[in-house]
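Q: Structure supplied as my_file-v1.pdb; contents: PDB, C-alpha atoms.
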ATOM      1  CA  LEU Q   1      45.890  36.360  51.693
ATOM      2  CA  ASP Q   2      43.721  34.994  54.496
ATOM      3  CA  ALA Q   3      46.238  33.062  56.600
ATOM      4  CA  ILE Q   4      49.972  32.519  56.909
ATOM      5  CA  THR Q   5      52.214  30.057  58.714
ATOM      6  CA  ILE Q   6      55.962  29.571  59.156
ATOM      7  CA  GLU Q   7      58.552  26.881  58.536
ATOM      8  CA  ILE Q   8      61.219  28.395  60.810
ATOM      9  CA  GLU Q   9      61.041  30.695  63.833
ATOM     10  CA  ASN Q  10      63.548  33.302  62.625
ATOM     11  CA  VAL Q  11      61.118  35.421  60.630
ATOM     12  CA  ASN Q  12      60.039  39.070  60.592
ATOM     13  CA  ILE Q  13      57.760  39.079  63.641
ATOM     14  CA  ASP Q  14      57.013  42.811  63.302
ATOM     15  CA  ALA Q  15      55.572  42.147  59.850
ATOM     16  CA  LEU Q  16      53.482  39.252  61.152
ATOM     17  CA  GLU Q  17      52.132  41.439  63.965
ATOM     18  CA  GLN Q  18      51.087  44.046  61.401
ATOM     19  CA  LEU Q  19      49.340  41.394  59.315
ATOM     20  CA  GLU Q  20      47.555  40.169  62.440
ATOM     21  CA  LYS Q  21      46.341  43.724  63.129
ATOM     22  CA  GLU Q  22      44.985  43.805  59.571
ATOM     23  CA  GLY Q  23      42.874  40.746  60.323
ATOM     24  CA  LYS Q  24      45.042  38.013  58.827
ATOM     25  CA  ARG Q  25      45.209  34.689  60.659
ATOM     26  CA  ILE Q  26      48.770  33.828  61.704
ATOM     27  CA  TYR Q  27      49.769  30.283  62.753
ATOM     28  CA  PRO Q  28      51.151  30.435  65.371
ATOM     29  CA  ARG Q  29      50.362  33.911  66.684
ATOM     30  CA  PRO Q  30      53.289  36.374  66.584
ATOM     31  CA  SER Q  31      53.160  36.625  70.380
ATOM     32  CA  VAL Q  32      54.196  32.971  70.528
ATOM     33  CA  LEU Q  33      57.115  33.574  68.187
ATOM     34  CA  ARG Q  34      58.304  36.445  70.411
ATOM     35  CA  ILE Q  35      58.656  33.951  73.241
ATOM     36  CA  ILE Q  36      60.035  31.010  71.274
ATOM     37  CA  CYS Q  37      62.651  33.014  69.346
ATOM     38  CA  ASN Q  38      64.349  34.070  72.571
ATOM     39  CA  LYS Q  39      65.489  31.207  74.799
ATOM     40  CA  ALA Q  40      65.623  33.526  77.807
ATOM     41  CA  LEU Q  41      61.969  34.499  77.325
ATOM     42  CA  GLN Q  42      61.115  30.866  76.658
ATOM     43  CA  LYS Q  43      62.598  29.746  79.991
ATOM     44  CA  GLU Q  44      60.816  32.581  81.793
ATOM     45  CA  TYR Q  45      57.572  31.489  80.117
ATOM     46  CA  TYR Q  46      57.986  27.995  81.571
ATOM     47  CA  SER Q  47      58.738  29.376  85.025
ATOM     48  CA  SER Q  48      55.837  31.842  85.047
ATOM     49  CA  ASN Q  49      53.381  29.111  84.013
ATOM     50  CA  GLN Q  50      54.682  26.552  86.542
ATOM     51  CA  ILE Q  51      55.921  24.293  83.766
ATOM     52  CA  PRO Q  52      58.792  22.126  85.030
ATOM     53  CA  THR Q  53      62.110  22.903  83.366
ATOM     54  CA  SER Q  54      65.742  22.588  84.399
ATOM     55  CA  ALA Q  55      67.165  25.260  86.707
ATOM     56  CA  TYR Q  56      68.734  28.203  84.887
ATOM     57  CA  ILE Q  57      70.462  31.556  85.194
ATOM     58  CA  LEU Q  58      70.492  34.330  82.600
ATOM     59  CA  THR Q  59      73.945  35.696  81.732
ATOM     60  CA  ASN Q  60      74.790  38.793  79.681
ATOM     61  CA  ASN Q  61      78.533  38.245  79.265
ATOM     62  CA  LEU Q  62      81.427  35.952  80.135
ATOM     63  CA  SER Q  63      82.077  37.820  83.378
ATOM     64  CA  GLU Q  64      78.649  36.794  84.627
ATOM     65  CA  LEU Q  65      79.388  33.245  83.522
ATOM     66  CA  VAL Q  66      82.552  33.303  85.645
ATOM     67  CA  ALA Q  67      80.564  34.696  88.578
ATOM     68  CA  ASN Q  68      78.216  31.694  88.370
ATOM     69  CA  LYS Q  69      80.919  29.018  88.177
ATOM     70  CA  ASP Q  70      79.393  27.275  91.205
ATOM     71  CA  PHE Q  71      76.339  26.550  89.028
ATOM     72  CA  LEU Q  72      78.416  24.326  86.736
ATOM     73  CA  PRO Q  73      78.185  21.848  85.060
ATOM     74  CA  ALA Q  74      75.657  23.509  82.801
ATOM     75  CA  VAL Q  75      74.686  24.134  79.179
ATOM     76  CA  HIS Q  76      75.145  27.651  77.806
ATOM     77  CA  LYS Q  77      72.588  28.601  75.139
ATOM     78  CA  LEU Q  78      72.473  31.814  73.147
ATOM     79  CA  ALA Q  79      69.173  33.583  73.792
ATOM     80  CA  GLU Q  80      68.823  34.427  70.105
ATOM     81  CA  GLY Q  81      70.341  33.177  66.861
ATOM     82  CA  GLY Q  82      71.129  29.577  67.775
ATOM     83  CA  TYR Q  83      69.674  26.824  65.601
ATOM     84  CA  ASP Q  84      70.050  23.095  65.031
ATOM     85  CA  GLY Q  85      72.842  22.574  67.564
ATOM     86  CA  ARG Q  86      74.556  25.901  66.928
ATOM     87  CA  GLY Q  87      74.709  28.436  69.762
ATOM     88  CA  VAL Q  88      74.920  25.703  72.408
ATOM     89  CA  GLN Q  89      77.968  24.870  74.520
ATOM     90  CA  VAL Q  90      78.374  22.419  77.400
ATOM     91  CA  ILE Q  91      80.321  24.110  80.221
ATOM     92  CA  ASN Q  92      81.529  21.344  82.529
ATOM     93  CA  ASP Q  93      83.874  23.406  84.703
ATOM     94  CA  GLU Q  94      85.928  26.606  84.847
ATOM     95  CA  ASN Q  95      88.210  25.352  82.087
ATOM     96  CA  ASP Q  96      85.277  25.438  79.631
ATOM     97  CA  ILE Q  97      84.113  28.974  80.416
ATOM     98  CA  GLU Q  98      85.941  30.424  77.404
ATOM     99  CA  LYS Q  99      83.598  28.357  75.213
ATOM    100  CA  GLY Q 100      80.630  30.363  76.528
ATOM    101  CA  PHE Q 101      78.871  33.319  74.933
ATOM    102  CA  ASN Q 102      79.554  36.986  75.587
ATOM    103  CA  GLN Q 103      75.938  38.066  75.098
ATOM    104  CA  LEU Q 104      72.512  37.314  76.561
ATOM    105  CA  SER Q 105      72.350  33.554  77.097
ATOM    106  CA  VAL Q 106      70.700  30.926  79.245
ATOM    107  CA  LEU Q 107      72.950  28.971  81.603
ATOM    108  CA  GLU Q 108      70.950  25.802  82.109
ATOM    109  CA  LYS Q 109      71.834  23.327  84.832
ATOM    110  CA  LEU Q 110      73.033  20.012  83.430
ATOM    111  CA  VAL Q 111      70.608  17.299  84.498
ATOM    112  CA  ASP Q 112      70.812  13.521  84.439
ATOM    113  CA  VAL Q 113      68.652  12.458  81.495
ATOM    114  CA  SER Q 114      67.514   8.899  80.819
ATOM    115  CA  LYS Q 115      65.425   9.726  77.726
ATOM    116  CA  GLU Q 116      64.724  12.722  75.500
ATOM    117  CA  ILE Q 117      61.129  12.765  74.326
ATOM    118  CA  ALA Q 118      59.176  14.935  71.880
ATOM    119  CA  MET Q 119      55.406  15.231  71.509
ATOM    120  CA  MET Q 120      53.648  16.927  68.602
ATOM    121  CA  ILE Q 121      50.386  18.672  69.499
ATOM    122  CA  ALA Q 122      47.950  20.409  67.145
ATOM    123  CA  VAL Q 123      45.602  23.112  68.428
ATOM    124  CA  SER Q 124      42.566  24.270  66.438
ATOM    125  CA  ASP Q 125      41.083  27.769  66.454
ATOM    126  CA  SER Q 126      38.392  26.482  68.822
ATOM    127  CA  GLY Q 127      41.005  25.108  71.263
ATOM    128  CA  GLU Q 128      40.567  21.448  70.350
ATOM    129  CA  THR Q 129      43.817  19.463  70.566
ATOM    130  CA  ALA Q 130      45.219  16.394  68.817
ATOM    131  CA  ILE Q 131      48.253  14.660  70.343
ATOM    132  CA  TYR Q 132      50.709  12.454  68.500
ATOM    133  CA  PRO Q 133      52.346   9.506  70.292
ATOM    134  CA  PRO Q 134      55.626  10.457  71.994
ATOM    135  CA  VAL Q 135      58.881   9.800  70.178
ATOM    136  CA  GLU Q 136      62.225   9.000  71.760
ATOM    137  CA  MET Q 137      64.998  11.149  70.293
ATOM    138  CA  MET Q 138      68.567   9.892  70.130
ATOM    139  CA  PHE Q 139      71.251  12.503  69.480
ATOM    140  CA  ASP Q 140      74.660  12.732  67.879
ATOM    141  CA  ARG Q 141      76.523  14.275  70.810
ATOM    142  CA  ASP Q 142      79.335  15.574  68.638
ATOM    143  CA  LEU Q 143      76.950  17.559  66.421
ATOM    144  CA  ASN Q 144      74.335  18.161  69.161
ATOM    145  CA  GLN Q 145      71.813  17.108  66.521
ATOM    146  CA  LEU Q 146      69.022  14.553  66.226
ATOM    147  CA  ASP Q 147      70.424  11.286  64.880
ATOM    148  CA  LEU Q 148      67.431   8.962  64.952
ATOM    149  CA  GLN Q 149      64.130   8.620  66.766
ATOM    150  CA  LEU Q 150      61.779   5.817  67.712
ATOM    151  CA  CYS Q 151      57.983   5.961  67.701
ATOM    152  CA  PRO Q 152      56.347   5.192  69.993
ATOM    153  CA  ALA Q 153      58.828   5.912  72.762
ATOM    154  CA  GLU Q 154      59.332   3.073  75.226
ATOM    155  CA  ILE Q 155      58.175   4.654  78.490
ATOM    156  CA  GLU Q 156      56.130   3.668  81.530
ATOM    157  CA  ASP Q 157      52.477   4.693  81.686
ATOM    158  CA  ARG Q 158      53.077   6.986  84.674
ATOM    159  CA  VAL Q 159      55.758   8.843  82.710
ATOM    160  CA  TYR Q 160      53.544   9.044  79.627
ATOM    161  CA  TRP Q 161      50.776  10.765  81.571
ATOM    162  CA  LYS Q 162      53.259  13.286  82.934
ATOM    163  CA  LEU Q 163      54.607  13.964  79.443
ATOM    164  CA  GLU Q 164      51.149  14.474  78.007
ATOM    165  CA  ALA Q 165      49.955  16.742  80.826
ATOM    166  CA  ILE Q 166      53.083  18.909  80.749
ATOM    167  CA  ALA Q 167      53.142  19.150  76.943
ATOM    168  CA  LEU Q 168      49.460  20.163  76.883
ATOM    169  CA  THR Q 169      50.010  22.804  79.582
ATOM    170  CA  THR Q 170      52.977  24.160  77.636
ATOM    171  CA  VAL Q 171      50.979  24.513  74.429
ATOM    172  CA  LYS Q 172      47.655  25.701  75.868
ATOM    173  CA  ASN Q 173      49.247  28.589  77.757
ATOM    174  CA  PHE Q 174      50.451  30.057  74.460
ATOM    175  CA  LYS Q 175      46.775  30.741  73.684
ATOM    176  CA  SER Q 176      47.399  30.119  69.999
ATOM    177  CA  SER Q 177      46.306  27.620  67.417
ATOM    178  CA  GLY Q 178      48.887  25.838  65.267
ATOM    179  CA  ILE Q 179      51.104  22.805  65.582
ATOM    180  CA  PHE Q 180      53.805  22.499  68.238
ATOM    181  CA  ALA Q 181      56.665  20.157  69.112
ATOM    182  CA  VAL Q 182      57.430  20.007  72.829
ATOM    183  CA  GLU Q 183      60.849  18.526  73.620
ATOM    184  CA  MET Q 184      61.238  17.099  77.127
ATOM    185  CA  PHE Q 185      63.786  15.388  79.350
ATOM    186  CA  VAL Q 186      62.889  12.342  81.430
ATOM    187  CA  THR Q 187      65.141  11.835  84.448
ATOM    188  CA  PRO Q 188      66.069   8.407  85.912
ATOM    189  CA  GLU Q 189      63.527   9.091  88.681
ATOM    190  CA  GLY Q 190      60.749   9.577  86.115
ATOM    191  CA  ASP Q 191      60.490  13.358  86.432
ATOM    192  CA  VAL Q 192      59.734  15.356  83.278
ATOM    193  CA  LEU Q 193      61.340  18.689  82.372
ATOM    194  CA  VAL Q 194      60.544  20.784  79.306
ATOM    195  CA  ASN Q 195      63.644  21.530  77.262
ATOM    196  CA  GLU Q 196      62.374  23.555  74.285
ATOM    197  CA  THR Q 197      59.264  24.100  72.182
ATOM    198  CA  ALA Q 198      59.049  24.541  68.415
ATOM    199  CA  PRO Q 199      55.867  26.293  67.142
ATOM    200  CA  ARG Q 200      55.790  24.603  63.736
ATOM    201  CA  VAL Q 201      56.133  21.336  61.875
ATOM    202  CA  HIS Q 202      59.321  19.779  63.184
ATOM    203  CA  ASN Q 203      62.038  17.216  62.529
ATOM    204  CA  SER Q 204      60.625  15.099  65.367
ATOM    205  CA  GLY Q 205      57.360  14.794  63.418
ATOM    206  CA  HIS Q 206      58.695  13.948  59.951
ATOM    207  CA  HIS Q 207      58.039  10.228  60.502
ATOM    208  CA  SER Q 208      54.307  11.000  60.530
ATOM    209  CA  ILE Q 209      54.322  11.415  56.733
ATOM    210  CA  GLU Q 210      54.307   7.629  56.259
ATOM    211  CA  ALA Q 211      53.787   6.296  59.776
ATOM    212  CA  HIS Q 212      50.544   8.047  60.843
ATOM    213  CA  PHE Q 213      47.078   8.424  59.390
ATOM    214  CA  SER Q 214      47.356  12.218  59.533
ATOM    215  CA  SER Q 215      50.856  13.615  59.063
ATOM    216  CA  GLN Q 216      52.009  16.771  60.822
ATOM    217  CA  PHE Q 217      51.723  18.588  57.476
ATOM    218  CA  ASP Q 218      48.174  17.378  56.863
ATOM    219  CA  MET Q 219      47.342  18.369  60.435
ATOM    220  CA  LEU Q 220      48.643  21.901  59.998
ATOM    221  CA  TRP Q 221      46.506  22.321  56.870
ATOM    222  CA  ARG Q 222      43.500  21.143  58.855
ATOM    223  CA  VAL Q 223      44.209  23.744  61.546
ATOM    224  CA  ILE Q 224      44.627  26.578  59.019
ATOM    225  CA  LEU Q 225      41.536  25.601  56.981
ATOM    226  CA  ASN Q 226      39.386  25.027  60.085
ATOM    227  CA  TYR Q 227      38.828  21.392  59.160
ATOM    228  CA  PRO Q 228      38.355  18.716  61.837
ATOM    229  CA  LEU Q 229      41.680  17.675  63.327
ATOM    230  CA  GLY Q 230      43.102  14.461  61.889
ATOM    231  CA  ASN Q 231      43.766  11.007  63.283
ATOM    232  CA  THR Q 232      47.168  10.936  65.027
ATOM    233  CA  ASP Q 233      47.235   7.134  65.451
ATOM    234  CA  ALA Q 234      50.212   5.280  64.037
ATOM    235  CA  ILE Q 235      49.747   2.990  61.046
ATOM    236  CA  LYS Q 236      52.848   1.119  62.165
ATOM    237  CA  ASN Q 237      55.704   1.707  64.571
ATOM    238  CA  SER Q 238      58.569   3.642  63.046
ATOM    239  CA  VAL Q 239      62.124   4.811  63.324
ATOM    240  CA  MET Q 240      63.412   7.904  61.550
ATOM    241  CA  VAL Q 241      67.060   8.343  60.600
ATOM    242  CA  ASN Q 242      68.480  11.767  59.788
ATOM    243  CA  ILE Q 243      70.792  11.901  56.772
ATOM    244  CA  THR Q 244      73.618  14.368  57.383
ATOM    245  CA  GLY Q 245      76.777  15.388  55.579
ATOM    246  CA  ALA Q 246      79.731  13.131  56.388
ATOM    247  CA  ALA Q 247      82.661  14.399  58.434
ATOM    248  CA  GLY Q 248      85.400  15.964  56.346
ATOM    249  CA  GLU Q 249      83.180  16.274  53.265
ATOM    250  CA  GLN Q 250      82.287  19.656  51.778
ATOM    251  CA  GLY Q 251      81.203  20.422  48.228
ATOM    252  CA  PRO Q 252      78.702  19.116  45.621
ATOM    253  CA  ALA Q 253      76.653  16.373  47.303
ATOM    254  CA  TYR Q 254      76.748  12.714  46.305
ATOM    255  CA  TYR Q 255      74.738  10.016  48.105
ATOM    256  CA  GLU Q 256      77.108   7.069  48.262
ATOM    257  CA  GLY Q 257      75.269   3.773  48.735
ATOM    258  CA  LEU Q 258      71.791   5.196  48.066
ATOM    259  CA  GLU Q 259      70.909   2.757  45.281
ATOM    260  CA  GLU Q 260      71.590  -0.222  47.551
ATOM    261  CA  MET Q 261      69.741   1.326  50.507
ATOM    262  CA  LEU Q 262      66.640   1.893  48.360
ATOM    263  CA  LYS Q 263      66.219  -1.895  48.259
ATOM    264  CA  ILE Q 264      65.327  -1.955  51.979
ATOM    265  CA  GLU Q 265      61.672  -2.877  52.459
ATOM    266  CA  ASN Q 266      59.359  -0.310  54.062
ATOM    267  CA  ALA Q 267      62.049   2.370  54.149
ATOM    268  CA  PHE Q 268      60.981   5.757  52.767
ATOM    269  CA  PHE Q 269      63.731   8.116  51.669
ATOM    270  CA  HIS Q 270      63.390  11.900  51.651
ATOM    271  CA  ILE Q 271      66.295  13.661  49.946
ATOM    272  CA  TYR Q 272      66.038  17.410  50.447
ATOM    273  CA  GLY Q 273      67.669  18.413  47.161
ATOM    274  CA  LYS Q 274      70.469  20.452  48.718
ATOM    275  CA  ARG Q 275      73.237  20.631  46.154
ATOM    276  CA  GLN Q 276      76.051  21.297  48.607
ATOM    277  CA  THR Q 277      77.024  19.109  51.544
ATOM    278  CA  LYS Q 278      79.136  19.920  54.578
ATOM    279  CA  PRO Q 279      79.784  18.062  57.844
ATOM    280  CA  GLY Q 280      76.601  17.695  59.872
ATOM    281  CA  ARG Q 281      74.321  19.443  57.370
ATOM    282  CA  LYS Q 282      70.837  17.916  57.239
ATOM    283  CA  MET Q 283      70.504  16.435  53.759
ATOM    284  CA  GLY Q 284      67.426  14.258  54.196
ATOM    285  CA  HIS Q 285      65.778  11.631  56.362
ATOM    286  CA  VAL Q 286      64.536   8.060  56.127
ATOM    287  CA  THR Q 287      61.443   6.670  57.827
ATOM    288  CA  ILE Q 288      61.260   2.918  58.371
ATOM    289  CA  LEU Q 289      58.018   1.121  59.262
ATOM    290  CA  SER Q 290      57.738  -2.135  61.198
ATOM    291  CA  ASN Q 291      55.976  -3.350  64.324
ATOM    292  CA  GLU Q 292      59.146  -5.179  65.399
ATOM    293  CA  LYS Q 293      61.686  -2.967  67.194
ATOM    294  CA  ALA Q 294      64.562  -5.300  66.306
ATOM    295  CA  ASP Q 295      63.666  -4.959  62.618
ATOM    296  CA  LEU Q 296      63.459  -1.167  62.906
ATOM    297  CA  MET Q 297      66.827  -0.831  64.599
ATOM    298  CA  HIS Q 298      68.525  -3.321  62.268
ATOM    299  CA  LYS Q 299      67.383  -1.384  59.195
ATOM    300  CA  ALA Q 300      68.221   1.969  60.803
ATOM    301  CA  ASN Q 301      71.769   0.835  61.541
ATOM    302  CA  LYS Q 302      72.113  -0.585  58.032
ATOM    303  CA  ILE Q 303      71.210   2.807  56.578
ATOM    304  CA  LYS Q 304      73.430   4.721  59.000
ATOM    305  CA  HIS Q 305      76.421   2.654  57.936
ATOM    306  CA  GLY Q 306      75.496   2.072  54.277
ATOM    307  CA  LEU Q 307      74.511   5.589  53.194
ATOM    308  CA  LYS Q 308      77.062   8.385  53.239
ATOM    309  CA  VAL Q 309      76.721  11.923  51.915
ATOM    310  CA  ILE Q 310      80.077  12.899  50.457
ATOM    311  CA  ALA Q 311      81.400  15.641  48.219
ATOM    312  CA  THR Q 312      82.020  14.746  44.609
ATOM    313  CA  LYS Q 313      85.559  15.377  43.453
ATOM    314  CA  ILE Q 314      85.713  17.976  40.680
TER     315      ILE Q 314
END
Could you take the file, read its structure, and then write that structure out as structure tokens?
A:
Amino acid sequence: LDAITIEIENVNIDALEQLEKEGKRIYPRPSVLRIICNKALQKEYYSSNQIPTSAYILTNNLSELVANKDFLPAVHKLAEGGYDGRGVQVINDENDIEKGFNQLSVLEKLVDVSKEIAMMIAVSDSGETAIYPPVEMMFDRDLNQLDLQLCPAEIEDRVYWKLEAIALTTVKNFKSSGIFAVEMFVTPEGDVLVNETAPRVHNSGHHSIEAHFSSQFDMLWRVILNYPLGNTDAIKNSVMVNITGAAGEQGPAYYEGLEEMLKIENAFFHIYGKRQTKPGRKMGHVTILSNEKADLMHKANKIKHGLKVIATKI
């Protein structure tokens, strides 16, 4: 074993630190995972490195949440253990406080957001960087989960330069090679705030498999093998649609409408092979290529309405 990487943050960091001491190359470094795995430490990292992020307060229990009721409306996020929309609660007012968490959490001020943007950045062992075009993420508010995303994001040049500068600062201060997804809020005034960072290949980069010359997976291999970083340019514009389990459906998975959807031109289906479905579970994704936004959105909506993951009746 010469090198190791991760596919999810919730791993045995102690073991990775020991491997690093033994001379193994870890992507990203365990010190980065220590920060990323704890949302409280992650927010403090942004603050200490002058990276713009929404205002926040750390709370240890519901009593402290009550004591900070004047800070509402806000989003309450578990410091550890939350994933993919879980461990997150919107606290609009005092009536919602019971929805909060009775352990270390981040109470993050609710901000007015016009767009949610993600940027993938690769960092080589020598510090060279490769930046993918920004994507606009559109969320299912009920599931608090990525629904679809558009690449490239439709943003003004002045906002793009802010996004790039802030994302680069976020990644470079980790002092680690690897591949990173930096998720950011853009306010109506054009300000940029970092929301979260993922130190790995990420859902917001899955479109790169078909839509870019070097996918996020190819790029990570290049980083690990010390090859030159790849070309992040898009082959065509794209939209990615997440396939999730339908509401009210739990059991053996069946993809209703898939055969018809496969007829759609320039749509690439990735079915994850999960045998069981449940509401909101990520079951796959589809990447659609076209240089016409109207064509992208038409096909995305066709798939969203024509493909449904249900439970087969036994």
Q: Could you tell me which residues the PyMOL selection byres ((chain Q and resi 87-93) around 9) returns for this structure, as an NGL selection string?
A: :Q and (69-70 or 72-86 or 94-101 or 107 or 110 or 144)
Q: If I take CA of His212 (chain Q) and CA of Met120 (chain Q), how far is one from the other in Å, to one decimal?
A: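 Between these atoms lies a distance of 12.2 Å.
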Q: Within 12 Å of region 26-37 of chain Q, which residues of region 106-167 of chain Q come that close, and what is the closest atom pair and distance in Å for each? Count all atoms listed in the file and give it as JSON lines.
A:
{"residue": "Q:Ala122", "atom": "CA", "partner": "Q:Pro28", "partner_atom": "CA", "distance": 10.7}
{"residue": "Q:Val123", "atom": "CA", "partner": "Q:Pro28", "partner_atom": "CA", "distance": 9.7}
{"residue": "Q:Ser124", "atom": "CA", "partner": "Q:Tyr27", "partner_atom": "CA", "distance": 10.1}
{"residue": "Q:Asp125", "atom": "CA", "partner": "Q:Tyr27", "partner_atom": "CA", "distance": 9.8}
Q: Pick the closest to Ser114 (chain Q) from Q:Ile155, Q:Val135, Q:Leu143, Q:Val194: which is it, counting only C-alpha atoms?
A: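 Nearest to Ser114 (chain Q): Q:Ile155.
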Q: For the provided coordinates, the residues matched by the PyMOL selection byres ((chain Q and resi 222) around 12) should be stated as a VMD selection string.
A: chain Q and resid 27 122 to 125 128 to 130 177 to 179 214 to 221 223 to 231
Q: Next, the residues of the selection above should be written as a CSV table (one decimal), in the frame of the given file with C-alpha atoms.
A:
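Result file is result-v4.csv:
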chain,number,residue,atom,x,y,z
Q,27,TYR,CA,49.8,30.3,62.8
Q,122,ALA,CA,48.0,20.4,67.1
Q,123,VAL,CA,45.6,23.1,68.4
Q,124,SER,CA,42.6,24.3,66.4
Q,125,ASP,CA,41.1,27.8,66.5
Q,128,GLU,CA,40.6,21.4,70.4
Q,129,THR,CA,43.8,19.5,70.6
Q,130,ALA,CA,45.2,16.4,68.8
Q,177,SER,CA,46.3,27.6,67.4
Q,178,GLY,CA,48.9,25.8,65.3
Q,179,ILE,CA,51.1,22.8,65.6
Q,214,SER,CA,47.4,12.2,59.5
Q,215,SER,CA,50.9,13.6,59.1
Q,216,GLN,CA,52.0,16.8,60.8
Q,217,PHE,CA,51.7,18.6,57.5
Q,218,ASP,CA,48.2,17.4,56.9
Q,219,MET,CA,47.3,18.4,60.4
Q,220,LEU,CA,48.6,21.9,60.0
Q,221,TRP,CA,46.5,22.3,56.9
Q,223,VAL,CA,44.2,23.7,61.5
Q,224,ILE,CA,44.6,26.6,59.0
Q,225,LEU,CA,41.5,25.6,57.0
Q,226,ASN,CA,39.4,25.0,60.1
Q,227,TYR,CA,38.8,21.4,59.2
Q,228,PRO,CA,38.4,18.7,61.8
Q,229,LEU,CA,41.7,17.7,63.3
Q,230,GLY,CA,43.1,14.5,61.9
Q,231,ASN,CA,43.8,11.0,63.3
Q: Which residues are near region 243-246 of chain Q? Cut-off 12 Å, all atoms listed in the file, ignore same chain within fewer than 4 positions. Put them as a compact mmCIF listing (two decimals) with C-alpha atoms, in the coordinates of the input.
A:
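Result saved to result_24.txt:
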# COMPACT_ATOMS: atom_id res chain seq x y z
CA ASP Q 140 74.66 12.73 67.88
CA LEU Q 143 76.95 17.56 66.42
CA GLN Q 145 71.81 17.11 66.52
CA LEU Q 146 69.02 14.55 66.23
CA ASP Q 147 70.42 11.29 64.88
CA LEU Q 148 67.43 8.96 64.95
CA ASN Q 203 62.04 17.22 62.53
CA GLN Q 250 82.29 19.66 51.78
CA GLY Q 251 81.20 20.42 48.23
CA PRO Q 252 78.70 19.12 45.62
CA ALA Q 253 76.65 16.37 47.30
CA TYR Q 254 76.75 12.71 46.30
CA TYR Q 255 74.74 10.02 48.10
CA GLU Q 256 77.11 7.07 48.26
CA LEU Q 258 71.79 5.20 48.07
CA PHE Q 269 63.73 8.12 51.67
CA HIS Q 270 63.39 11.90 51.65
CA ILE Q 271 66.30 13.66 49.95
CA TYR Q 272 66.04 17.41 50.45
CA LYS Q 274 70.47 20.45 48.72
CA ARG Q 275 73.24 20.63 46.15
CA GLN Q 276 76.05 21.30 48.61
CA THR Q 277 77.02 19.11 51.54
CA LYS Q 278 79.14 19.92 54.58
CA PRO Q 279 79.78 18.06 57.84
CA GLY Q 280 76.60 17.70 59.87
CA ARG Q 281 74.32 19.44 57.37
CA LYS Q 282 70.84 17.92 57.24
CA MET Q 283 70.50 16.43 53.76
CA GLY Q 284 67.43 14.26 54.20
CA HIS Q 285 65.78 11.63 56.36
CA VAL Q 286 64.54 8.06 56.13
CA THR Q 287 61.44 6.67 57.83
CA ALA Q 300 68.22 1.97 60.80
CA ILE Q 303 71.21 2.81 56.58
CA LYS Q 304 73.43 4.72 59.00
CA HIS Q 305 76.42 2.65 57.94
CA GLY Q 306 75.50 2.07 54.28
CA LEU Q 307 74.51 5.59 53.19
CA LYS Q 308 77.06 8.38 53.24
CA VAL Q 309 76.72 11.92 51.92
CA ILE Q 310 80.08 12.90 50.46
CA ALA Q 311 81.40 15.64 48.22
Q: Could you jot down the CA of Asn68 (chain Q) to CA of Ile51 (chain Q) separation for me, Å, one decimal place?
A: 23.9 Å
Q: I'd like to see the residues matched by the PyMOL selection byres ((chain Q and resi 233) around 9) on this file, and ideally I'd get them as a VMD selection string.
A: chain Q and resid 132 to 133 211 to 214 231 to 232 234 to 236
Q: Go ahead and fit an axis-aligned box to every listed atom of region 173-177 of chain Q plus 5 Å each side, and pass me the centre and edge lengths in Å, one decimal, as JSON.
A:
{"center_x": 48.4, "center_y": 29.2, "center_z": 72.6, "size_x": 14.1, "size_y": 13.1, "size_z": 20.3}
Q: Go through Q:Leu19, Q:Val111, Q:Ala247, Q:Ala267 one by one, measure the shortest atom-to-atom distance of each to Leu193 (chain Q) using all atoms listed in the file, and give the residue with the smallest value.
A: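 Of all the options, Q:Val111 lies closest to Leu193 (chain Q).
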Q: Please, what distance in Å, to one decimal, runs between CA of Glu116 (chain Q) and CA of Leu296 (chain Q)?
A: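 Value for the CA of Glu116 (chain Q)-CA of Leu296 (chain Q) distance: 18.8 Å.
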Q: Return the single residue from Q:Thr312, Q:Ser126, Q:Gln149, Q:Ser290 that is closest to Ser176 (chain Q), with distances computed using all atoms listed in the file.
A: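 Ranked by minimum distance to Ser176 (chain Q), first place goes to Q:Ser126.
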Q: Point out the residue among Q:Phe185, Q:Phe174, Q:Phe268, Q:Phe139 with the least atom-to-atom distance to Met119 (chain Q), counting all atoms listed in the file.
A: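 Nearest to Met119 (chain Q): Q:Phe185.
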Q: Rank nothing, just name the residue among Q:Val182, Q:Val113, Q:Val239, Q:Leu1 nearest to Ala153 (chain Q), using only C-alpha atoms.
A: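 Distance minimum relative to Ala153 (chain Q) lands on Q:Val239.
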Q: Could you check the closest approach to Asn10 (chain Q) for each of Q:Gly248, Q:Pro199, Q:Gly205, Q:Gly257 and tell me which residue wins, using all atoms listed in the file?
A: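 Answer, going by the shortest atom-to-atom distance: Q:Pro199.
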